[in-house]
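So the structure is just underneath, and the comments pick up after that.
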Amino acid sequence: MLEKENQSLRILVVVAHPHDFTHGAGTCGIHATQGDSVTVVSVTDGANTHNERLHAELIKPEEERDARVISQSTQEYAEQKAEELRQVCALFGVTDVRVLGFPQPFRVEKMPEAVETLRDVIYDVRPHMLITQKPYIDARHGMAYIARDDHSETAIAILEAVNLAGTPNAVTQKRPHRIAATYYLGVYFMPDEIDFYVDISDWKEKRVQAEILFRSQGHTEPFARKRIEIGAGQMGWHAGTGYAEGFVRAAPELLPKITVPESALRRAAESGMDHLKRISGELKAD
Ligand SMILES: [Zn+2]
């Protein structure tokens with residue numbers, strides 16, 4: 001049965017590490033406040049990623065190392081990160097947070113059960129929209145990149161799970177579920193590969209707070225502000241607004257007709273001076 005066009009959406013976000021969620025957090029916040037439901041899944045607990053404080057201690061002579069940092073177990077570090085992810089998600093109105101805890105480095109062929117676990121998440125959530133990481137493996141000058149990473153492997157695992165969930169299975173007899181639209185986080189792409197941007201200018205401060213909350217990764221407030229200025233700020237620059245999050249469509253969309261977004265009409269009509277003020281936040285969108 002076809003559901004109504006203005007129904008609320010169920011959105012599933014699947015990333016490799018807790019911090020990866022932040023790259024689409026503003027967009028999720030916009031959807032959550034407009035009544036859509038958002039489920040965030042981190043395939044690993046990120047315990048082996050960005051432990052910058054441990055790195056800082058381990059490069060010191062043994063007698064100078066901070067025992068509090070050195071003695072933190074991997075499990076404690078993972079739990080801290082999971083808690084940070086829950087706090088960050090709460091900033092954006094997202095309460096359904098699931099850390100699956102598959103080991104790192106995450107490789108689908110070594111942990112094929114991850115595909116079935118993700119398929120079961122799809123059956124549980126039955127999302128209309130999937131937001132995940134870039135499944136394509138490429139590198140400089142278009143050369144193939146042999147060393148895969150947790151991000152691309154996570155994308156491969158969830159895309160396999162999407163196929164499984166949509167295929168009738170005589171054994172499980174579960175109602176098949178197809179996801180209507182899949183988008184990849186633009187942060188993993190080059191600017192000219194982005195299909196569209198979501199204006200998150202009103203969510204910029206929350207994006208900064210999210211970076212600060214990831215203390216397990218050694219983030220400080222000056223770092224957090226710098227990161228959002230050059231990350232979401234650069235995407236905003238390309239999009240012609242203050243701050244933005246870019247996305248790449250998994251497939252072209254079928255539309256009833258061509259629609260020109262309000263933002264493009266406004267940009268075409270406004271003066272150069274007003275445009276500068278809009279990017280700098282001196283002029284608010286109406
Ligand atoms: Zn990551």
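Each chain in the structure tokens gets a letter, A, B, ..., in the order shown, and its residues are numbered from 1; ligands are numbered from 1 in order too.
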
message: I'd like to know which residues of segment 101-156 of chain A are strand (DSSP E or B) (by DSSP, run on the backbone); could you write them as a PyMOL selection string?
response: chain A and resi 129-132

Those residues with N, CA and C atoms, as a PDB file, in the first residue's frame please?
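Written output follows (selection34.pdb):
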ATOM      1  N   MET A 129      14.250   5.745   4.652  1.00  0.00           N
ATOM      2  CA  MET A 129      15.487   6.376   4.191  1.00  0.00           C
ATOM      3  C   MET A 129      16.697   5.799   4.922  1.00  0.00           C
ATOM      4  N   LEU A 130      17.749   5.535   4.162  1.00  0.00           N
ATOM      5  CA  LEU A 130      19.010   5.094   4.757  1.00  0.00           C
ATOM      6  C   LEU A 130      20.069   6.150   4.484  1.00  0.00           C
ATOM      7  N   ILE A 131      20.775   6.523   5.543  1.00  0.00           N
ATOM      8  CA  ILE A 131      21.946   7.396   5.392  1.00  0.00           C
ATOM      9  C   ILE A 131      23.148   6.590   5.852  1.00  0.00           C
ATOM     10  N   THR A 132      24.144   6.462   4.986  1.00  0.00           N
ATOM     11  CA  THR A 132      25.300   5.675   5.391  1.00  0.00           C
ATOM     12  C   THR A 132      26.567   6.228   4.750  1.00  0.00           C
TER      13      THR A 132
END

- request: Compile the contact shell of segment 264-271 of chain A as a list in words: residues with an atom at most 10 Å away, counting only C-alpha atoms, same-chain residues fewer than 5 positions apart removed.
  value: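 These residues fall inside the cut-off: Ala239, Gly240, Thr241, Leu276, Lys277, Arg278 and Ala285 of chain A.
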
Selection above as a file: N, CA, C and O atoms, as an mmCIF file, in the first residue's frame:
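Full text of selection-v3.cif as output:
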data_model
loop_
_atom_site.group_PDB
_atom_site.id
_atom_site.type_symbol
_atom_site.label_atom_id
_atom_site.label_comp_id
_atom_site.auth_asym_id
_atom_site.auth_seq_id
_atom_site.Cartn_x
_atom_site.Cartn_y
_atom_site.Cartn_z
ATOM 1 N N ALA A 239 27.549 25.558 -0.993
ATOM 2 C CA ALA A 239 26.090 25.560 -1.171
ATOM 3 C C ALA A 239 25.521 26.971 -1.199
ATOM 4 O O ALA A 239 24.348 27.155 -1.513
ATOM 5 N N GLY A 240 26.344 27.973 -0.849
ATOM 6 C CA GLY A 240 25.855 29.350 -0.825
ATOM 7 C C GLY A 240 25.081 29.681 0.431
ATOM 8 O O GLY A 240 24.126 30.456 0.408
ATOM 9 N N THR A 241 25.489 29.085 1.558
ATOM 10 C CA THR A 241 24.849 29.406 2.830
ATOM 11 C C THR A 241 25.923 29.342 3.921
ATOM 12 O O THR A 241 27.101 29.166 3.630
ATOM 13 N N LEU A 276 26.570 37.834 0.698
ATOM 14 C CA LEU A 276 27.703 37.781 1.632
ATOM 15 C C LEU A 276 27.197 37.767 3.074
ATOM 16 O O LEU A 276 27.703 37.028 3.917
ATOM 17 N N LYS A 277 26.196 38.596 3.328
ATOM 18 C CA LYS A 277 25.646 38.666 4.694
ATOM 19 C C LYS A 277 24.968 37.348 5.070
ATOM 20 O O LYS A 277 24.987 36.940 6.224
ATOM 21 N N ARG A 278 24.352 36.711 4.070
ATOM 22 C CA ARG A 278 23.667 35.444 4.365
ATOM 23 C C ARG A 278 24.698 34.376 4.749
ATOM 24 O O ARG A 278 24.531 33.628 5.714
ATOM 25 N N ALA A 285 17.767 33.553 6.896
ATOM 26 C CA ALA A 285 16.771 33.104 5.916
ATOM 27 C C ALA A 285 15.380 33.349 6.489
ATOM 28 O O ALA A 285 15.172 33.200 7.688
#

message: At a cut-off of 6 Å and counting only C-alpha atoms and all ligand atoms, what residues surround ligand 1? Please answer as a PyMOL selection string.
response: chain A and resi 16-17+20

- prompt: So which residues touch segment 34-44 of chain A within 7 Å, counting only C-alpha atoms, skipping near sequence neighbours fewer than 6 positions away, as a PyMOL selection string?
  reply: chain A and resi 8-18+28+94+96-104+154

message: DSSP on the backbone: which residues in segment 194-244 of chain A end up as helix (DSSP H, G or I)? Give the answer as a ChimeraX atom specification.
response: /A:201-213,215-217,221-230,232-239

task: Tell me, as number ranges by chain, which residues lie within 10 Å of Phe214 of chain A, counting only C-alpha atoms; anything in the same chain fewer than 2 positions away does not count.
output: A: 18-19, 80-85, 87-88, 209-212, 216-220, 224

Two-atom distance - atom CA of Phe247 of chain A, atom CA of Gln234 of chain A (Å):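 Distance reported for this atom pair: 13.9 Å.
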